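Here's the structure, in structure tokens; my notes come after.
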Amino acid sequence: MLRRNLLKTAAASLALPMVARAQNAPVKIRFGWAITPAQLPPVIFQNTGVLKHYGKSYVAEPFYFKGSAPQITALAAGELDIAALAFSSFGLAIQNAKMADIRAIGDLYQDGVPGYYSSTYVVRADSDIKKVEDLHGKTIASNGLGGAIDMAMRKMLRDHGLEDKRDYKVIEVEFPNMGPMLSEQKVDMAGMVAPFSLTEAKAGRVRPLFTIKDSMGVAQTTLMASRAPFIAQNRAALVDFFEDVQIGTRWLLNPANRKDALALVARVTKQPEEVFADWLFTKDDYFRDPAARPNIAALQENLKVQKDLGFLKLDIEAAKYADLSLVDEAAKRGG
Amino acid sequence: MKSMSSFLLRWSPLLLLAVAWEAAPRLGLMNPQSLPPLSTVLVALWGLAKAGDLVANAVPSLLRLIAGLSLAILIGVPLGAAMATFRPVQVIFAPLARALYPMPKSALIPVLLLWLGLGDASKITLIFLGCLLPILLSAYNGVRGVPPRLIWSARGLGCGRLTILREIAIPAAMPELLAGIRSALSLSFVLLVSSEFLMSRDGLGYLISFLGDGGAYAPMFATVIVVSLLGFMADRAYLAWMRKALVWRG
């Protein structure tokens, strides 16, 4: 009996520190990303020296995904804690993946915010296309059917009486290939993002026809989404995570850090600094909220456009699927 | 002198390809944005190597490939041989193998993610599944193709089924079996890139995918060259070993 009690006490004394360690261990936050530096977290978490809580209350584990769609699967399977979703994928996650507990919790970048870059629909510099109506019978390059760029293009053309298949043809082309496709006259217009539209315009090869802003105003292009149970279980760690995202974003956007910021981005993307020097973190770049607060009003409008175009069946109330308490609480601390 | 000229003749298509690659974007026949000249790609290759990116991504990739391919060999060879030898095993597995053979394995990636998660398990499983069938079918066909007189002679000498399988059938099936493993080896590089292409934290497929998405085509092509070189070297090494192993054939 005495021996059994001794054994129990010994086991408990050995186990207690392990339990305590497990309780104090940083929360692992697995986040998805698809394109950087447009989405900053992969860069921010390579700059942990400026962060306050990284490695203490949480650690962030980045996962690269080819686009938003596979992140819906990963989020649904519980394999990802924060997904980087385009607004179009956010709506589909609610409708198709039936994720009623999905929440928009943070901003990644917004398109069409006054004074900032807006994705641009360009034609060849020598093209005879001068106005939207001239696209009748033409071929248009879109990065992905049903994506933000694609929807804004369709809305603009519909507003001018043009419909897909009947009046124009859409083909899928990846952003880096759009410039060459235009030059080789394989397409007549391409919906391009930064830096590709800027590079093409600078070289004098293209001319803008319209922007996302002209078509649908501000777009909450990509946002951070998580699920309510994960948020409830890890609230404190997530607030710390967002405080660090805010610190990291402000550090990158601060002109005083520009040289180091460009070097960091070059290291993460494995591209030369010159690729980013002209536009990144300037007014020629997308808007990123320094407090990482998503624009829910814009998201609501974007989801409405998605439904009007037939890419979404449900009426989704964006505010019902948003939880801004994490970014707001983090912002109150002031970093 | 003769061996030198035969070496040059043998590899001249590759040399011609390299010259064409360098010339096409420089002469404006191809857009240099979508196909950077080979010299630019080689500079990018040096940059990736110097920064440690190649080693950091090639090591996890190769470990996944070795794990997936080894599993496929360990399971595929005995299962294929058993299918050829024991009728009930054949009845169960042969229709499955034939039905699954043409299925595009990369289509399984999202499902494997759901089942096995984002880590190595889903990638290794994809490589395993893709490599299993060529190995299994080569073992099956190889053992089935063993001359019956060898089997009869062994039976006449009192050998049991397992002894015949181990001592007669598998050695006799080696040429076909090793050829099947060689096909699987090439396939494993394709599957490796596919498995890391859609979602990953590291690996050569991950590097190709995210560099391509960012329009960084020079380092992207550099990584493609590395994958091709690794595949080529693995094939050459395997072929050399295979020739040694089959030296008894004369």
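Letters for chains follow the order of the structure tokens (A, B, ...), residue numbers begin at 1 for each chain, and ligand numbers begin at 1 in the order shown.
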Please return as a PyMOL selection string: the residues of range 147-217 of chain B that backbone DSSP assigns to helix (DSSP H, G or I). chain B and resi 148-156+161-197+204-213+217
Could you list, as an MDAnalysis selection string, every residue within 10 Å of range 254-259 of chain A, counting only C-alpha atoms and ignoring same-chain residues fewer than 3 positions away? chainID A and resid 248:251 262:264 273 277 280:282
Which residues of chain B have any atom within 7 Å of an atom in chain A when counting only C-alpha atoms, and what is the closest pair of atoms for each, with the distance in Å to one decimal? Order the rows by chain and rising number and write it as a Markdown table.
```
| residue | atom | partner | partner_atom | distance |
| --- | --- | --- | --- | --- |
| B:Asn31 | CA | A:Pro180 | CA | 6.3 |
| B:Ser34 | CA | A:Asn177 | CA | 6.5 |
| B:Leu114 | CA | A:Ala77 | CA | 5.5 |
| B:Gly117 | CA | A:Glu79 | CA | 5.8 |
| B:Leu118 | CA | A:Glu79 | CA | 6.4 |
| B:Leu198 | CA | A:Lys66 | CA | 5.0 |
| B:Met199 | CA | A:Phe65 | CA | 4.3 |
| B:Ser200 | CA | A:Tyr64 | CA | 5.3 |
| B:Arg201 | CA | A:Phe63 | CA | 5.0 |
| B:Gly215 | CA | A:Pro176 | CA | 4.8 |
| B:Ala216 | CA | A:Gln271 | CA | 6.5 |
```
So that I can see what lies close to Val146 in chain B, please list as a ChimeraX atom specification the residues with an atom at most 12 Å from it, counting only C-alpha atoms and leaving out residues fewer than 5 positions away in the same chain. /B:81,84-85,139-141,151-152,164-165,167-177
Generate a file of the selected residues that holds N, CA and C atoms, formatted as a PDB file, in the first residue's frame.
```
ATOM      1  N   ALA B  81       3.793 -10.298 -56.253  1.00  0.00           N
ATOM      2  CA  ALA B  81       4.226 -11.699 -56.366  1.00  0.00           C
ATOM      3  C   ALA B  81       3.146 -12.628 -55.808  1.00  0.00           C
ATOM      4  N   ALA B  84       0.331 -13.142 -58.195  1.00  0.00           N
ATOM      5  CA  ALA B  84       0.641 -14.065 -59.289  1.00  0.00           C
ATOM      6  C   ALA B  84       0.673 -15.511 -58.813  1.00  0.00           C
ATOM      7  N   THR B  85       0.854 -15.706 -57.517  1.00  0.00           N
ATOM      8  CA  THR B  85       1.051 -17.059 -56.998  1.00  0.00           C
ATOM      9  C   THR B  85      -0.200 -17.633 -56.340  1.00  0.00           C
ATOM     10  N   ALA B 139       5.715  -6.647 -60.667  1.00  0.00           N
ATOM     11  CA  ALA B 139       5.996  -7.869 -59.895  1.00  0.00           C
ATOM     12  C   ALA B 139       5.010  -8.974 -60.299  1.00  0.00           C
ATOM     13  N   TYR B 140       3.751  -8.577 -60.434  1.00  0.00           N
ATOM     14  CA  TYR B 140       2.700  -9.533 -60.814  1.00  0.00           C
ATOM     15  C   TYR B 140       2.992 -10.142 -62.194  1.00  0.00           C
ATOM     16  N   ASN B 141       3.247  -9.267 -63.168  1.00  0.00           N
ATOM     17  CA  ASN B 141       3.501  -9.755 -64.536  1.00  0.00           C
ATOM     18  C   ASN B 141       4.817 -10.529 -64.608  1.00  0.00           C
ATOM     19  N   ILE B 151       9.157 -23.771 -62.734  1.00  0.00           N
ATOM     20  CA  ILE B 151       8.267 -24.051 -61.596  1.00  0.00           C
ATOM     21  C   ILE B 151       8.084 -25.566 -61.455  1.00  0.00           C
ATOM     22  N   TRP B 152       7.834 -26.230 -62.604  1.00  0.00           N
ATOM     23  CA  TRP B 152       7.625 -27.686 -62.565  1.00  0.00           C
ATOM     24  C   TRP B 152       8.865 -28.393 -62.003  1.00  0.00           C
ATOM     25  N   ILE B 164       9.322 -21.758 -53.834  1.00  0.00           N
ATOM     26  CA  ILE B 164       9.351 -21.511 -55.289  1.00  0.00           C
ATOM     27  C   ILE B 164       9.299 -20.010 -55.546  1.00  0.00           C
ATOM     28  N   LEU B 165       8.432 -19.335 -54.788  1.00  0.00           N
ATOM     29  CA  LEU B 165       8.294 -17.885 -54.969  1.00  0.00           C
ATOM     30  C   LEU B 165       9.615 -17.174 -54.657  1.00  0.00           C
ATOM     31  N   GLU B 167      12.775 -18.531 -54.219  1.00  0.00           N
ATOM     32  CA  GLU B 167      14.015 -18.998 -54.856  1.00  0.00           C
ATOM     33  C   GLU B 167      13.949 -18.999 -56.390  1.00  0.00           C
ATOM     34  N   ILE B 168      12.752 -19.130 -56.934  1.00  0.00           N
ATOM     35  CA  ILE B 168      12.646 -19.263 -58.401  1.00  0.00           C
ATOM     36  C   ILE B 168      11.939 -18.055 -59.026  1.00  0.00           C
ATOM     37  N   ALA B 169      10.703 -17.832 -58.554  1.00  0.00           N
ATOM     38  CA  ALA B 169       9.854 -16.864 -59.264  1.00  0.00           C
ATOM     39  C   ALA B 169      10.402 -15.435 -59.163  1.00  0.00           C
ATOM     40  N   ILE B 170      10.708 -14.985 -57.948  1.00  0.00           N
ATOM     41  CA  ILE B 170      11.156 -13.581 -57.810  1.00  0.00           C
ATOM     42  C   ILE B 170      12.482 -13.331 -58.534  1.00  0.00           C
ATOM     43  N   PRO B 171      13.501 -14.216 -58.361  1.00  0.00           N
ATOM     44  CA  PRO B 171      14.733 -13.978 -59.149  1.00  0.00           C
ATOM     45  C   PRO B 171      14.473 -13.970 -60.661  1.00  0.00           C
ATOM     46  N   ALA B 172      13.597 -14.877 -61.131  1.00  0.00           N
ATOM     47  CA  ALA B 172      13.329 -14.927 -62.581  1.00  0.00           C
ATOM     48  C   ALA B 172      12.551 -13.701 -63.045  1.00  0.00           C
ATOM     49  N   ALA B 173      11.790 -13.127 -62.110  1.00  0.00           N
ATOM     50  CA  ALA B 173      10.973 -11.956 -62.473  1.00  0.00           C
ATOM     51  C   ALA B 173      11.743 -10.652 -62.330  1.00  0.00           C
ATOM     52  N   MET B 174      12.998 -10.752 -61.851  1.00  0.00           N
ATOM     53  CA  MET B 174      13.766  -9.530 -61.541  1.00  0.00           C
ATOM     54  C   MET B 174      13.849  -8.502 -62.677  1.00  0.00           C
ATOM     55  N   PRO B 175      14.126  -8.935 -63.935  1.00  0.00           N
ATOM     56  CA  PRO B 175      14.235  -7.901 -64.982  1.00  0.00           C
ATOM     57  C   PRO B 175      12.985  -7.040 -65.089  1.00  0.00           C
ATOM     58  N   GLU B 176      11.822  -7.684 -65.105  1.00  0.00           N
ATOM     59  CA  GLU B 176      10.575  -6.919 -65.231  1.00  0.00           C
ATOM     60  C   GLU B 176      10.297  -6.108 -63.960  1.00  0.00           C
ATOM     61  N   LEU B 177      10.586  -6.724 -62.829  1.00  0.00           N
ATOM     62  CA  LEU B 177      10.353  -6.067 -61.550  1.00  0.00           C
ATOM     63  C   LEU B 177      11.214  -4.798 -61.422  1.00  0.00           C
TER      64      LEU B 177
END
```
Fewer than 4 positions away in the same chain doesn't count, so skip those; otherwise give me all residues within 8 Å of Ser183 in chain B, counting only C-alpha atoms, as a list in words. Pro134, Ala179 and Leu187 of chain B
With distances taken over only C-alpha atoms, which of B:Leu38, B:Leu178, B:Leu65, B:Leu71 is nearest to Trp241 in chain B? B:Leu178
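For the pair CA of Asp278 in chain A and CA of Lys202 in chain A, the separation is 10.4 Å.
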If we count only C-alpha atoms and set the cut-off at 8 Å, which residues sit around Leu133 in chain B, ignoring sequence neighbours fewer than 2 positions away in its own chain? Please answer as a short mmCIF file (atom, residue, chain, number, x, y, z; two decimals) with C-alpha atoms, in the first residue's frame.
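Below is the file that was written, out.cif:
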```
data_model
loop_
_atom_site.label_atom_id
_atom_site.label_comp_id
_atom_site.auth_asym_id
_atom_site.auth_seq_id
_atom_site.Cartn_x
_atom_site.Cartn_y
_atom_site.Cartn_z
CA GLY B 76 4.15 -3.64 -54.02
CA ALA B 97 -5.07 -2.57 -59.36
CA TYR B 101 -4.06 2.31 -62.50
CA LEU B 129 -0.03 5.36 -54.10
CA GLY B 130 1.36 6.62 -57.40
CA CYS B 131 4.40 4.34 -57.28
CA ILE B 135 5.69 -1.82 -59.00
CA LEU B 136 2.85 -4.13 -58.06
CA LEU B 137 1.92 -4.83 -61.68
#
```
Neighbouring residues of Ser127 in chain A were defined as those with any atom within 12 Å, considering only C-alpha atoms; residues of the same chain fewer than 5 positions away were excluded. Please report them as a VMD selection string. chain A and resid 122 134 to 135 138 182 to 183 185 187 to 189 205 to 209
Hey, what's within 8 Å of range 229-235 of chain B if we count only C-alpha atoms and toss same-chain stuff fewer than 6 positions away? As a ChimeraX atom specification, please? /B:182,185-186,189
Which of range 174-287 of chain A fall in strand (DSSP E), as a PyMOL selection string: chain A and resi 189-192+206-211+219-227
Keeping only N, CA and C atoms, write the selected residues as a CSV table (one decimal), in the first residue's frame.
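File produced: out.csv:
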```
chain,number,residue,atom,x,y,z
A,189,MET,N,-7.6,42.0,-73.5
A,189,MET,CA,-7.6,42.7,-72.2
A,189,MET,C,-7.2,41.7,-71.1
A,190,ALA,N,-6.5,42.2,-70.1
A,190,ALA,CA,-6.1,41.4,-69.0
A,190,ALA,C,-6.4,42.1,-67.7
A,191,GLY,N,-6.9,41.4,-66.7
A,191,GLY,CA,-7.1,42.0,-65.4
A,191,GLY,C,-5.9,41.7,-64.5
A,192,MET,N,-5.1,42.7,-64.3
A,192,MET,CA,-3.8,42.5,-63.7
A,192,MET,C,-3.7,43.0,-62.3
A,206,VAL,N,1.3,48.6,-72.1
A,206,VAL,CA,-0.2,48.5,-71.9
A,206,VAL,C,-0.7,49.9,-71.5
A,207,ARG,N,-2.0,50.0,-71.6
A,207,ARG,CA,-2.8,51.2,-71.2
A,207,ARG,C,-4.0,50.7,-70.4
A,208,PRO,N,-4.2,51.4,-69.2
A,208,PRO,CA,-5.4,51.0,-68.4
A,208,PRO,C,-6.7,51.3,-69.0
A,209,LEU,N,-7.7,50.4,-68.8
A,209,LEU,CA,-9.0,50.7,-69.3
A,209,LEU,C,-10.0,51.0,-68.2
A,210,PHE,N,-9.9,50.2,-67.1
A,210,PHE,CA,-10.6,50.5,-65.9
A,210,PHE,C,-10.0,49.8,-64.7
A,211,THR,N,-10.4,50.0,-63.5
A,211,THR,CA,-9.9,49.3,-62.3
A,211,THR,C,-11.0,48.6,-61.6
A,219,ALA,N,-12.7,46.8,-52.4
A,219,ALA,CA,-12.9,45.3,-52.3
A,219,ALA,C,-12.0,44.8,-51.1
A,220,GLN,N,-12.6,44.0,-50.3
A,220,GLN,CA,-11.9,43.4,-49.2
A,220,GLN,C,-11.2,42.1,-49.9
A,221,THR,N,-10.2,42.4,-50.7
A,221,THR,CA,-9.7,41.4,-51.6
A,221,THR,C,-9.4,40.0,-50.9
A,222,THR,N,-8.5,40.1,-49.9
A,222,THR,CA,-8.3,38.9,-49.1
A,222,THR,C,-8.3,39.2,-47.6
A,223,LEU,N,-8.8,38.3,-46.8
A,223,LEU,CA,-8.9,38.5,-45.4
A,223,LEU,C,-8.5,37.2,-44.7
A,224,MET,N,-8.2,37.4,-43.4
A,224,MET,CA,-7.9,36.2,-42.5
A,224,MET,C,-9.2,35.7,-41.9
A,225,ALA,N,-9.4,34.4,-42.1
A,225,ALA,CA,-10.6,33.8,-41.6
A,225,ALA,C,-10.2,32.6,-40.7
A,226,SER,N,-11.0,32.5,-39.6
A,226,SER,CA,-10.8,31.4,-38.7
A,226,SER,C,-12.1,30.8,-38.3
A,227,ARG,N,-12.1,29.8,-37.4
A,227,ARG,CA,-13.4,29.3,-37.0
A,227,ARG,C,-13.7,29.6,-35.5
```
